file entry04.txt (compact mmCIF, C-alpha atoms)
# COMPACT_ATOMS: atom_id res chain seq x y z
CA MET A 519 140.59 8.06 -281.04
CA THR A 520 141.75 7.38 -284.59
CA GLU A 521 139.48 7.28 -287.64
CA ASN A 522 139.72 3.47 -287.76
CA GLN A 523 138.54 2.95 -284.20
CA PRO A 524 134.78 2.36 -283.70
CA LEU A 525 132.91 5.00 -281.75
CA LYS A 526 132.31 4.21 -278.11
CA ASN A 527 128.65 3.27 -277.75
CA PHE A 528 128.01 3.32 -273.99
CA VAL A 529 128.05 6.25 -271.59
CA ASN A 530 128.57 4.96 -268.04
CA ILE A 531 127.67 7.43 -265.30
CA HIS A 532 128.95 6.91 -261.75
CA ILE A 533 127.77 9.20 -258.95
CA LEU A 534 128.64 9.43 -255.27
CA ILE A 535 126.17 11.57 -253.34
CA SER A 536 125.98 11.97 -249.57
CA HIS A 537 122.50 12.43 -248.14
CA SER A 538 121.95 13.89 -244.71
CA PRO A 539 119.25 12.24 -242.51
CA SER A 540 116.28 11.47 -244.74
CA CYS A 541 113.79 8.88 -245.93
CA LEU A 542 113.84 9.38 -249.69
CA ASN A 543 112.17 6.12 -250.73
CA ARG A 544 109.65 3.95 -248.85
CA ASP A 545 107.89 0.64 -249.46
CA ASP A 546 104.19 -0.19 -249.13
CA MET A 547 104.64 -0.64 -245.37
CA ASN A 548 106.07 2.90 -245.06
CA MET A 549 109.47 1.39 -244.28
CA GLN A 550 112.64 2.82 -245.74
CA LYS A 551 113.77 0.76 -248.73
CA ALA A 552 116.87 -1.35 -248.15
CA ALA A 553 118.99 -4.09 -249.73
CA VAL A 554 121.59 -6.57 -248.54
CA PHE A 555 124.85 -6.29 -250.50
CA GLY A 556 128.20 -7.67 -249.44
CA GLY A 557 126.49 -9.38 -246.53
CA VAL A 558 125.36 -6.14 -244.87
CA LYS A 559 122.20 -4.07 -245.01
CA ARG A 560 122.28 -0.89 -247.10
CA THR A 561 119.78 1.92 -247.56
CA ARG A 562 118.34 1.86 -251.08
CA ILE A 563 116.64 4.31 -253.44
CA SER A 564 114.84 2.55 -256.29
CA SER A 565 115.60 3.36 -259.90
CA GLN A 566 111.90 4.06 -260.50
CA SER A 567 111.90 6.72 -257.79
CA LEU A 568 114.99 8.40 -259.19
CA LYS A 569 113.80 8.29 -262.82
CA ARG A 570 110.45 9.82 -261.93
CA SER A 571 112.14 12.59 -259.97
CA ILE A 572 114.40 13.24 -262.96
CA ARG A 573 111.67 13.50 -265.59
CA HIS A 574 109.53 15.76 -263.39
CA SER A 575 112.39 18.12 -262.52
CA ASP A 576 112.58 21.72 -263.70
CA TYR A 577 115.96 21.03 -265.29
CA TYR A 578 114.48 18.22 -267.41
CA ARG A 579 111.67 20.47 -268.67
CA GLN A 580 114.08 23.31 -269.45
CA HIS A 581 116.58 21.21 -271.40
CA LEU A 582 114.76 18.09 -272.65
CA GLY A 583 111.15 19.28 -272.98
CA ASP A 584 107.97 18.08 -271.32
CA PRO A 585 108.02 14.46 -270.14
CA SER A 586 105.54 11.85 -271.27
CA ILE A 587 102.20 11.55 -269.46
CA ARG A 588 101.98 8.18 -267.74
CA THR A 589 98.43 7.06 -267.17
CA ARG A 590 95.81 4.39 -267.78
CA GLU A 591 92.96 6.94 -267.71
CA LEU A 592 92.22 6.95 -271.45
CA GLY A 593 89.11 9.08 -271.16
CA VAL A 594 90.96 11.82 -269.31
CA MET A 595 93.88 11.50 -271.74
CA ARG A 596 91.51 11.88 -274.68
CA GLN A 597 90.28 15.17 -273.27
CA LYS A 598 93.82 16.45 -272.74
CA ILE A 599 94.70 15.61 -276.36
CA ILE A 600 91.55 17.31 -277.66
CA GLU A 601 92.55 20.45 -275.73
CA ALA A 602 96.16 20.27 -276.95
CA LEU A 603 95.45 19.42 -280.61
CA GLY A 604 91.91 20.73 -281.06
CA ASN A 605 93.10 23.40 -283.50
CA LYS A 606 94.49 20.67 -285.80
CA TYR A 607 92.17 17.66 -285.51
CA SER A 608 88.52 16.98 -284.84
CA GLU A 609 87.35 15.20 -281.72
CA ASP A 610 86.44 12.19 -283.86
CA ILE A 611 90.00 11.89 -285.21
CA VAL A 612 91.48 12.06 -281.71
CA THR A 613 89.03 9.43 -280.46
CA GLN A 614 89.69 7.15 -283.43
CA THR A 615 93.45 7.51 -282.92
CA LEU A 616 93.23 6.49 -279.26
CA GLN A 617 91.01 3.56 -280.22
CA GLU A 618 93.61 2.41 -282.75
CA LEU A 619 96.37 2.74 -280.15
CA THR A 620 94.57 0.84 -277.42
CA ASP A 621 92.15 -1.51 -279.16
CA LYS A 622 89.37 0.09 -277.10
CA THR A 623 86.10 0.26 -279.07
CA GLU A 624 84.62 2.86 -276.71
CA MET A 625 86.29 6.01 -275.49
CA GLU A 626 84.23 7.52 -272.69
CA ALA A 627 85.36 9.74 -269.83
CA THR A 628 85.75 6.68 -267.60
CA THR A 629 87.57 4.45 -270.13
CA ARG A 630 90.68 2.86 -268.67
CA ALA A 631 93.57 0.93 -270.17
CA ASP A 632 94.73 -2.32 -268.63
CA ALA A 633 98.00 -0.77 -267.44
CA VAL A 634 99.76 2.57 -267.05
CA ALA A 635 101.56 3.59 -270.26
CA PRO A 636 103.56 6.67 -271.29
CA TRP A 637 101.75 8.97 -273.75
CA VAL A 638 103.57 11.64 -275.78
CA ILE A 639 101.51 14.52 -277.19
CA SER A 640 103.88 15.14 -280.12
CA GLU A 641 103.73 11.45 -281.05
CA ILE A 642 99.92 11.40 -280.89
CA ASP A 643 99.92 14.52 -283.06
CA GLN A 644 101.73 12.57 -285.78
CA LEU A 645 99.45 9.56 -285.31
CA CYS A 646 96.34 11.73 -285.64
CA ARG A 647 97.73 13.08 -288.90
CA ILE A 648 98.20 9.52 -290.19
CA VAL A 649 94.73 8.40 -289.05
CA GLN A 650 93.20 11.44 -290.75
CA ALA A 651 95.10 10.71 -293.99
CA SER A 652 93.93 7.08 -294.02
CA GLU A 653 90.29 8.22 -294.30
CA GLY A 654 89.05 5.17 -292.41
CA ASP A 655 90.77 2.63 -294.66
CA ALA A 656 92.42 0.05 -292.35
CA LYS A 657 94.80 -1.22 -295.04
CA GLN A 658 95.94 2.28 -295.93
CA LEU A 659 96.38 3.11 -292.22
CA LYS A 660 98.71 0.13 -291.81
CA GLN A 661 100.75 1.21 -294.85
CA LEU A 662 100.97 4.78 -293.60
CA LEU A 663 102.10 3.66 -290.14
CA ASN A 664 104.90 1.57 -291.69
CA THR A 665 105.92 4.39 -294.03
CA ASN A 666 106.04 6.94 -291.21
CA ALA A 667 107.67 4.74 -288.56
CA GLU A 668 110.87 6.82 -288.44
CA THR A 669 108.92 10.10 -288.31
CA LEU A 670 106.94 8.75 -285.37
CA ARG A 671 110.14 7.88 -283.52
CA GLU A 672 111.57 11.30 -284.29
CA SER A 673 108.48 12.90 -282.72
CA LEU A 674 109.74 11.67 -279.34
CA LYS A 675 112.43 14.36 -279.50
CA SER A 676 109.88 17.03 -278.59
CA GLY A 677 108.15 15.55 -275.59
CA GLY A 678 109.14 11.93 -275.22
CA ILE A 679 112.86 11.73 -274.59
CA ASP A 680 112.10 9.92 -271.34
CA VAL A 681 110.34 7.21 -273.40
CA ALA A 682 113.36 6.96 -275.71
CA LEU A 683 115.58 6.56 -272.64
CA SER A 684 113.44 4.28 -270.47
CA GLY A 685 111.49 2.42 -273.16
CA ARG A 686 107.86 1.45 -273.57
CA MET A 687 106.09 -1.90 -273.75
CA ALA A 688 102.84 -1.86 -275.69
CA ALA A 689 100.95 -5.13 -275.45
CA LYS A 690 97.90 -3.99 -277.42
CA GLY A 691 96.99 -1.64 -280.23
CA LYS A 692 99.29 0.26 -282.57
CA LEU A 693 101.33 2.09 -279.93
CA SER A 694 104.89 1.10 -280.78
CA ASN A 695 107.24 -0.78 -278.49
CA VAL A 696 110.41 1.13 -277.63
CA ASP A 697 113.51 -0.64 -276.36
CA GLY A 698 114.94 1.44 -273.52
CA ALA A 699 118.33 3.03 -274.21
CA MET A 700 119.16 3.71 -270.55
CA ALA A 701 119.67 1.36 -267.62
CA VAL A 702 119.48 2.84 -264.12
CA ALA A 703 120.55 0.91 -261.04
CA HIS A 704 118.95 1.05 -257.63
CA SER A 705 121.14 3.38 -255.58
CA ILE A 706 122.65 1.87 -252.44
CA THR A 707 124.85 3.18 -249.67
CA THR A 708 128.54 2.40 -249.99
CA HIS A 709 128.55 1.28 -246.36
CA ALA A 710 126.37 -0.62 -243.92
CA SER A 711 123.30 1.35 -242.94
CA GLU A 712 120.69 0.62 -240.30
CA PRO A 713 117.58 2.80 -240.15
CA GLU A 714 116.82 4.89 -237.09
CA ILE A 715 113.33 5.69 -235.81
CA ASP A 716 111.96 9.20 -235.63
CA TRP A 717 109.13 9.52 -233.10
CA PHE A 718 107.29 12.62 -234.21
CA THR A 719 104.36 14.40 -232.60
CA ALA A 720 101.83 17.06 -233.47
CA VAL A 721 100.77 19.36 -230.66
CA ASP A 722 97.09 20.34 -230.54
CA ASP A 723 97.25 24.09 -229.92
CA LEU A 724 93.62 24.44 -228.80
CA ALA A 725 93.83 21.46 -226.47
CA SER A 726 96.97 22.98 -224.92
CA GLU A 727 95.09 26.20 -224.24
CA GLN A 728 92.57 24.15 -222.27
CA GLY A 729 95.31 22.73 -220.08
CA GLU A 730 95.79 19.34 -221.75
CA THR A 731 99.32 17.99 -221.93
CA GLY A 732 100.89 15.60 -224.40
CA SER A 733 100.50 15.44 -228.15
CA GLY A 734 97.46 15.36 -230.40
CA HIS A 735 99.18 12.88 -232.69
CA LEU A 736 102.11 10.45 -232.37
CA ASP A 737 103.71 8.35 -235.10
CA THR A 738 107.05 6.95 -236.26
CA GLN A 739 109.14 7.19 -239.40
CA GLU A 740 112.35 5.40 -240.37
CA PHE A 741 115.27 7.49 -241.59
CA SER A 742 119.01 7.23 -242.14
CA ALA A 743 121.97 9.05 -243.66
CA GLY A 744 124.67 7.81 -245.99
CA VAL A 745 126.81 8.02 -249.12
CA PHE A 746 124.95 6.55 -252.11
CA TYR A 747 126.38 5.10 -255.31
CA ARG A 748 124.21 5.96 -258.30
CA TYR A 749 124.84 4.30 -261.66
CA ALA A 750 123.30 4.65 -265.11
CA SER A 751 124.33 3.48 -268.56
CA ILE A 752 123.16 4.92 -271.90
CA ASN A 753 123.27 2.95 -275.16
CA LEU A 754 123.90 5.74 -277.67
CA ARG A 755 123.04 3.75 -280.81
CA GLN A 756 119.76 2.58 -279.30
CA LEU A 757 118.95 6.16 -278.30
CA GLN A 758 119.70 7.33 -281.83
CA LYS A 759 117.35 4.68 -283.21
CA ASN A 760 114.62 5.51 -280.71
CA LEU A 761 114.72 9.15 -281.79
CA GLY A 762 114.37 8.46 -285.51
CA ASN A 763 118.03 7.72 -286.29
CA THR A 764 119.09 11.16 -285.11
CA ASP A 765 122.73 12.21 -285.20
CA ARG A 766 125.25 11.27 -282.52
CA SER A 767 125.83 14.85 -281.39
CA PHE A 768 122.18 15.13 -280.31
CA VAL A 769 122.22 11.97 -278.16
CA LEU A 770 125.56 12.98 -276.62
CA SER A 771 123.90 16.25 -275.60
CA VAL A 772 121.00 14.27 -274.08
CA ALA A 773 123.53 12.09 -272.22
CA ALA A 774 125.27 15.21 -270.87
CA HIS A 775 121.95 16.45 -269.50
CA VAL A 776 121.37 13.04 -267.90
CA VAL A 777 124.75 13.36 -266.17
CA HIS A 778 123.63 16.69 -264.72
CA LEU A 779 120.29 15.24 -263.64
CA MET A 780 121.89 12.19 -262.01
CA ALA A 781 124.17 14.51 -260.04
CA THR A 782 121.57 17.03 -258.91
CA VAL A 783 118.07 15.54 -258.70
CA VAL A 784 116.88 14.15 -255.36
CA PRO A 785 113.58 12.30 -254.76
CA SER A 786 110.99 14.43 -252.99
CA ALA A 787 109.76 11.93 -250.38
CA LYS A 788 109.64 13.35 -246.83
CA GLN A 789 111.71 16.35 -247.89
CA ASN A 790 109.51 18.78 -245.97
CA SER A 791 110.50 16.84 -242.86
CA PHE A 792 114.20 16.25 -243.62
CA GLY A 793 115.35 18.68 -246.33
CA ALA A 794 118.08 16.39 -247.70
CA TYR A 795 118.67 18.46 -250.83
CA ASN A 796 122.25 17.35 -251.42
CA LEU A 797 124.26 17.56 -254.65
CA ALA A 798 126.70 14.91 -255.82
CA ASP A 799 130.25 15.17 -254.47
CA PHE A 800 131.83 12.99 -257.15
CA VAL A 801 130.85 12.35 -260.78
CA MET A 802 132.71 9.98 -263.10
CA VAL A 803 131.81 9.36 -266.74
CA ASN A 804 133.38 6.82 -269.05
CA LEU A 805 132.75 6.22 -272.73
CA GLY A 806 133.19 2.58 -273.65
CA HIS A 807 132.02 -0.40 -275.68
CA GLN A 808 129.92 -1.97 -272.92
CA PRO A 809 127.96 -1.01 -269.81
CA ILE A 810 130.04 -1.41 -266.65
CA SER A 811 128.75 -0.85 -263.13
CA LEU A 812 131.33 -0.17 -260.43
CA ALA A 813 129.05 -1.19 -257.55
CA ASN A 814 131.49 -3.95 -256.60
CA ALA A 815 133.85 -1.24 -255.39
CA PHE A 816 131.60 -1.32 -252.32
CA GLU A 817 130.90 -5.05 -252.05
CA SER A 818 133.19 -4.82 -249.04
CA PRO A 819 131.41 -2.00 -247.20
CA ILE A 820 133.30 1.20 -246.50
CA ASN A 821 134.24 1.40 -242.83
CA SER A 822 135.78 4.75 -242.07
CA LYS A 823 133.82 6.29 -239.23
CA LYS A 824 136.52 8.68 -238.01
CA GLU A 825 136.86 10.56 -241.30
CA GLY A 826 133.39 9.88 -242.68
CA TYR A 827 132.40 7.71 -245.61
CA LEU A 828 132.65 10.15 -248.53
CA GLY A 829 136.40 10.45 -249.02
CA ALA A 830 136.94 6.72 -248.54
CA SER A 831 134.11 5.97 -251.01
CA ILE A 832 135.70 8.17 -253.67
CA GLN A 833 139.06 6.48 -253.20
CA ALA A 834 137.47 3.01 -253.36
CA LEU A 835 135.59 3.86 -256.57
CA GLU A 836 138.67 5.28 -258.30
CA SER A 837 140.82 2.33 -257.21
CA TYR A 838 138.26 -0.21 -258.43
CA TRP A 839 137.93 1.58 -261.76
CA ASN A 840 141.70 1.39 -262.23
CA ASP A 841 141.66 -2.33 -261.40
CA VAL A 842 138.81 -3.07 -263.82
CA SER A 843 140.32 -0.92 -266.55
CA LYS A 844 143.74 -2.56 -266.30
CA GLY A 845 142.45 -6.08 -265.67
CA TYR A 846 140.24 -6.11 -268.76
CA GLY A 847 142.45 -3.96 -270.96
CA LEU A 848 139.72 -1.36 -271.40
CA GLU A 849 140.35 1.59 -273.64
CA ASP A 850 137.50 3.69 -272.29
CA GLN A 851 137.70 7.46 -272.25
CA MET A 852 137.16 8.63 -268.67
CA ALA A 853 136.75 11.98 -267.00
CA SER A 854 135.49 13.07 -263.62
CA PHE A 855 134.54 16.00 -261.44
CA SER A 856 134.82 16.17 -257.67
CA LEU A 857 134.15 18.55 -254.81
CA ASN A 858 136.34 16.42 -252.57
CA GLN A 859 140.10 16.93 -252.39
CA LYS A 860 140.73 13.20 -251.87
CA SER A 861 139.94 12.42 -255.50
CA LYS A 862 143.03 11.43 -257.50
CA SER A 863 141.44 11.25 -260.95
CA SER A 864 139.37 14.41 -261.13
CA ARG A 865 140.58 17.09 -263.51
CA PHE A 866 137.47 19.19 -263.97
CA GLN A 867 136.62 21.87 -261.44
CA ALA A 868 133.00 22.31 -262.56
CA ILE A 869 130.39 19.80 -263.63
CA GLN A 870 129.63 21.88 -266.74
CA GLU A 871 133.17 21.15 -267.95
CA LEU A 872 132.56 17.42 -267.59
CA GLU A 873 129.27 17.72 -269.47
CA ASN A 874 130.99 19.64 -272.29
CA TRP A 875 133.68 16.95 -272.46
CA LEU A 876 130.94 14.38 -273.04
CA ARG A 877 129.22 16.56 -275.66
CA ALA A 878 132.55 16.64 -277.50
CA ASP A 879 132.56 12.82 -277.56
CA GLY A 880 135.42 12.73 -275.06
CA GLN A 881 137.68 14.45 -277.58
CA SER A 882 138.18 17.77 -275.81
CA SER A 883 141.50 18.00 -274.03
CA LEU A 884 141.63 17.27 -270.32
CA PRO A 885 143.53 19.70 -268.08
CA SER A 886 146.69 18.29 -266.53
CA GLN A 887 146.55 16.74 -263.05
CA ASP A 888 148.48 19.59 -261.46
CA GLN A 889 146.09 22.31 -262.65

call {"tool": "encode", "arguments": {"input": "entry04.txt", "output": "C-alpha cells"}}
result
Amino acid sequence: MTENQPLKNFVNIHILISHSPSCLNRDDMNMQKAAVFGGVKRTRISSQSLKRSIRHSDYYRQHLGDPSIRTRELGVMRQKIIEALGNKYSEDIVTQTLQELTDKTEMEATTRADAVAPWVISEIDQLCRIVQASEGDAKQLKQLLNTNAETLRESLKSGGIDVALSGRMAAKGKLSNVDGAMAVAHSITTHASEPEIDWFTAVDDLASEQGETGSGHLDTQEFSAGVFYRYASINLRQLQKNLGNTDRSFVLSVAAHVVHLMATVVPSAKQNSFGAYNLADFVMVNLGHQPISLANAFESPINSKKEGYLGASIQALESYWNDVSKGYGLEDQMASFSLNQKSKSSRFQAIQELENWLRADGQSSLPSQDQ
C-alpha cells in the first residue's frame, strides 16, 4: 500500500468450521434451525446465537473486557450499579441517572423497561458523573451530555466493545444510539443437510430395581453434522467512531480478537449431549473497501460424500474468492490459515500469525507459498 492509497476500511472474515453431530441452535418449537439456500435445505446457526456465545466466552473477557449487561430489569440493574459504583456516587445519583436514561419516573425493584437493552457499567459511571455535575439543572445536563459525547463513547472501550461492534438502538431517554460496526451472517452448511432424530431415554434406576422394564422418560431431539460457513464484516471507521474516535491500531487489534473468536467459539446448546467443540479448519481474512460475503461459493451445494465436505468446501471458497477478486478488479489484501492440506492460498501455519498480520494492517510480509 502506498501513501496515496486510502486505508482499507472493511475487515471481512470467512470461516469454515466442521461440526460433528450436534444441535447448536433451536427454534421455539425445539427444532434445529435451518434455511433453504441454492434450492436445498441447510442447517443454520443464527448470528444472535453466535454473537452471544462470543461475548460470554472466556477469551472475550480476557482480551476485550466484560461484556455489556443486556436486560430490561431496571430495578435489578439499579442495584447492580449501586453495588459497582457505590464508592463514587450516592444512590440518588444512580437512580436519577437511570431515570434520565429511560424516561422512567419511578425506579423500584420491579421497574422494567419496554425492551431489553445493553447496559455498560463504565458508560453509566461517566453518565453518573455528568448527572452529578449538572446539580439537577436540566439545561446544564443537556449541555454537559453534548460536551462529553466523545468521552461517553470512549467509555465503551472498558466494558462495552460488544455494543460498539453490534450497536444499540435507544428509543427513549438519553441512552445514545450506536450504529453497529460489525455485521454477522447466519452460519449455514456448505452442503445440503437434513436433520436426523435422536430418540433418547432416561432409565429410572429405582423402578428397574423393582423389576420394571423400559424407560422412565422418552423424548426426541433433532441433530445433524456439517461444514458451516461463518462470515462477519467489521467497519473499522465506524468502530473507531463508536469508541470515541480511537486510533486505527486499537480497532485492528479488536478485529484480530474477533477473528480468533469467530474461529474458536461454539454455541453451548445441547453440548452436554453432543460435545461438538470443534475449531475452525479454515480462516480467511481480507482487508478491502467494502463488505463482501462469499456465501455464494456454496449456492451450488458441495457434493463430495466420498472425501467429505471440508476439503471440497475450502477449494470452493478459495476458487470463488479468486473469481470475485479478478472479476471486480479488487485490490484487497488477503491472508489465510488452514489446518487442511487442500488449501491453495494458506500461508500461515498458526492462527496467531494471521491475527498478527491483521494487527499490522496487512503490511507484514507473507511467507512464500512453498514454505

call {"tool": "axis_aligned_box", "arguments": {"input": "entry04.txt", "around": "region 815-825 of chain A", "padding_each_side": "8 Å", "output": "lines of an AutoDock Vina configuration file"}}
result
center_x = 133.9
center_y = 2.8
center_z = -246.7
size_x = 22.0
size_y = 31.6
size_z = 33.4

call {"tool": "atom_distance", "arguments": {"input": "entry04.txt", "atom1": "CA of Arg562 (chain A)", "atom2": "CA of Ser705 (chain A)"}}
result
5.5 Å

call {"tool": "closest_atom_pairs", "arguments": {"input": "entry04.txt", "of": "region 533-565 of chain A", "to": "region 768-784 of chain A", "cutoff": "9 Å", "atoms": "all atoms listed in the file", "output": "Markdown table"}}
result
| residue | atom | partner | partner_atom | distance |
| --- | --- | --- | --- | --- |
| A:Ile533 | CA | A:Ala781 | CA | 6.5 |
| A:Leu534 | CA | A:Ala781 | CA | 8.3 |
| A:Ile535 | CA | A:Ala781 | CA | 7.6 |
| A:Leu542 | CA | A:Val784 | CA | 8.0 |

call {"tool": "closest_residue", "arguments": {"input": "entry04.txt", "among": "A:Ala787, A:Ala794, A:Val745, A:Val558", "to": "Ala830 (chain A)", "atoms": "all atoms listed in the file"}}
result
A:Val745

call {"tool": "atom_distance", "arguments": {"input": "entry04.txt", "atom1": "CA of Arg630 (chain A)", "atom2": "CA of Gly593 (chain A)"}}
result
6.9 Å

call {"tool": "closest_residue", "arguments": {"input": "entry04.txt", "among": "A:Ser856, A:Thr738, A:Thr620, A:Ser676", "to": "Ser694 (chain A)", "atoms": "only C-alpha atoms"}}
result
A:Thr620

call {"tool": "residues_around", "arguments": {"input": "entry04.txt", "residues": "region 587-592 of chain A", "least_positions_apart": "4", "cutoff": "10 Å", "atoms": "only C-alpha atoms", "output": "ChimeraX atom specification"}}
result
/A:596-598,613,616-617,620,622,625-639,677-678

call {"tool": "atom_distance", "arguments": {"input": "entry04.txt", "atom1": "CA of Lys862 (chain A)", "atom2": "CA of Asp799 (chain A)"}}
result
13.7 Å

call {"tool": "closest_residue", "arguments": {"input": "entry04.txt", "among": "A:Val529, A:Leu761, A:Ile706, A:Ala798", "to": "Gly880 (chain A)", "atoms": "all atoms listed in the file"}}
result
A:Val529

call {"tool": "residues_around", "arguments": {"input": "entry04.txt", "residues": "Asp850 (chain A)", "least_positions_apart": "6", "cutoff": "9 Å", "atoms": "all atoms listed in the file", "output": "compact mmCIF listing (two decimals) with C-alpha atoms, keeping the file's coordinate frame"}}
result
# COMPACT_ATOMS: atom_id res chain seq x y z
CA LYS A 526 132.31 4.21 -278.11
CA ASN A 804 133.38 6.82 -269.05
CA LEU A 805 132.75 6.22 -272.73
CA GLY A 806 133.19 2.58 -273.65
CA HIS A 807 132.02 -0.40 -275.68
CA SER A 843 140.32 -0.92 -266.55

call {"tool": "residues_near_point", "arguments": {"input": "entry04.txt", "point": "(134.2, -3.1, -253.5)", "cutoff": "12 Å", "atoms": "all atoms listed in the file", "output": "list in words"}}
result
Phe555, Gly556, Thr707, Thr708, His709, Tyr747, Ser811, Leu812, Ala813, Asn814, Ala815, Phe816, Glu817, Ser818, Pro819, Ile820, Asn821, Ala830, Ser831, Ile832, Gln833, Ala834, Leu835, Glu836, Ser837, Tyr838, Trp839, Asp841 and Val842 of chain A

call {"tool": "closest_residue", "arguments": {"input": "entry04.txt", "among": "A:Gln870, A:Gln644, A:Gln881, A:Ser711", "to": "Gln550 (chain A)", "atoms": "only C-alpha atoms"}}
result
A:Ser711

call {"tool": "build_atoms", "arguments": {"input": "entry04.txt", "residues": "region 770-785 of chain A", "atoms": "N, CA and C atoms", "output": "PDB file, in the frame of the given file"}}
result
ATOM      1  N   LEU A 770     124.507  12.644-277.576  1.00  0.00           N
ATOM      2  CA  LEU A 770     125.560  12.980-276.620  1.00  0.00           C
ATOM      3  C   LEU A 770     125.137  14.171-275.758  1.00  0.00           C
ATOM      4  N   SER A 771     124.415  15.115-276.364  1.00  0.00           N
ATOM      5  CA  SER A 771     123.900  16.250-275.600  1.00  0.00           C
ATOM      6  C   SER A 771     122.856  15.781-274.590  1.00  0.00           C
ATOM      7  N   VAL A 772     121.986  14.851-274.999  1.00  0.00           N
ATOM      8  CA  VAL A 772     121.000  14.270-274.080  1.00  0.00           C
ATOM      9  C   VAL A 772     121.732  13.583-272.926  1.00  0.00           C
ATOM     10  N   ALA A 773     122.770  12.806-273.256  1.00  0.00           N
ATOM     11  CA  ALA A 773     123.530  12.090-272.220  1.00  0.00           C
ATOM     12  C   ALA A 773     124.171  13.077-271.243  1.00  0.00           C
ATOM     13  N   ALA A 774     124.669  14.199-271.744  1.00  0.00           N
ATOM     14  CA  ALA A 774     125.270  15.210-270.870  1.00  0.00           C
ATOM     15  C   ALA A 774     124.233  15.773-269.899  1.00  0.00           C
ATOM     16  N   HIS A 775     123.016  15.977-270.382  1.00  0.00           N
ATOM     17  CA  HIS A 775     121.950  16.450-269.500  1.00  0.00           C
ATOM     18  C   HIS A 775     121.599  15.381-268.459  1.00  0.00           C
ATOM     19  N   VAL A 776     121.637  14.114-268.861  1.00  0.00           N
ATOM     20  CA  VAL A 776     121.370  13.040-267.900  1.00  0.00           C
ATOM     21  C   VAL A 776     122.427  13.026-266.807  1.00  0.00           C
ATOM     22  N   VAL A 777     123.684  13.265-267.167  1.00  0.00           N
ATOM     23  CA  VAL A 777     124.750  13.360-266.170  1.00  0.00           C
ATOM     24  C   VAL A 777     124.401  14.435-265.144  1.00  0.00           C
ATOM     25  N   HIS A 778     123.989  15.592-265.628  1.00  0.00           N
ATOM     26  CA  HIS A 778     123.630  16.690-264.720  1.00  0.00           C
ATOM     27  C   HIS A 778     122.462  16.294-263.827  1.00  0.00           C
ATOM     28  N   LEU A 779     121.457  15.653-264.408  1.00  0.00           N
ATOM     29  CA  LEU A 779     120.290  15.240-263.640  1.00  0.00           C
ATOM     30  C   LEU A 779     120.637  14.189-262.595  1.00  0.00           C
ATOM     31  N   MET A 780     121.479  13.225-262.963  1.00  0.00           N
ATOM     32  CA  MET A 780     121.890  12.190-262.010  1.00  0.00           C
ATOM     33  C   MET A 780     122.665  12.787-260.837  1.00  0.00           C
ATOM     34  N   ALA A 781     123.337  13.894-261.082  1.00  0.00           N
ATOM     35  CA  ALA A 781     124.170  14.510-260.040  1.00  0.00           C
ATOM     36  C   ALA A 781     123.405  15.494-259.163  1.00  0.00           C
ATOM     37  N   THR A 782     122.234  15.937-259.622  1.00  0.00           N
ATOM     38  CA  THR A 782     121.570  17.030-258.910  1.00  0.00           C
ATOM     39  C   THR A 782     120.157  16.729-258.425  1.00  0.00           C
ATOM     40  N   VAL A 783     119.469  15.785-259.050  1.00  0.00           N
ATOM     41  CA  VAL A 783     118.070  15.540-258.700  1.00  0.00           C
ATOM     42  C   VAL A 783     117.970  14.606-257.501  1.00  0.00           C
ATOM     43  N   VAL A 784     117.092  14.953-256.570  1.00  0.00           N
ATOM     44  CA  VAL A 784     116.880  14.150-255.360  1.00  0.00           C
ATOM     45  C   VAL A 784     115.382  13.850-255.256  1.00  0.00           C
ATOM     46  N   PRO A 785     114.997  12.604-254.962  1.00  0.00           N
ATOM     47  CA  PRO A 785     113.580  12.300-254.760  1.00  0.00           C
ATOM     48  C   PRO A 785     112.949  13.191-253.703  1.00  0.00           C
TER      49      PRO A 785
END
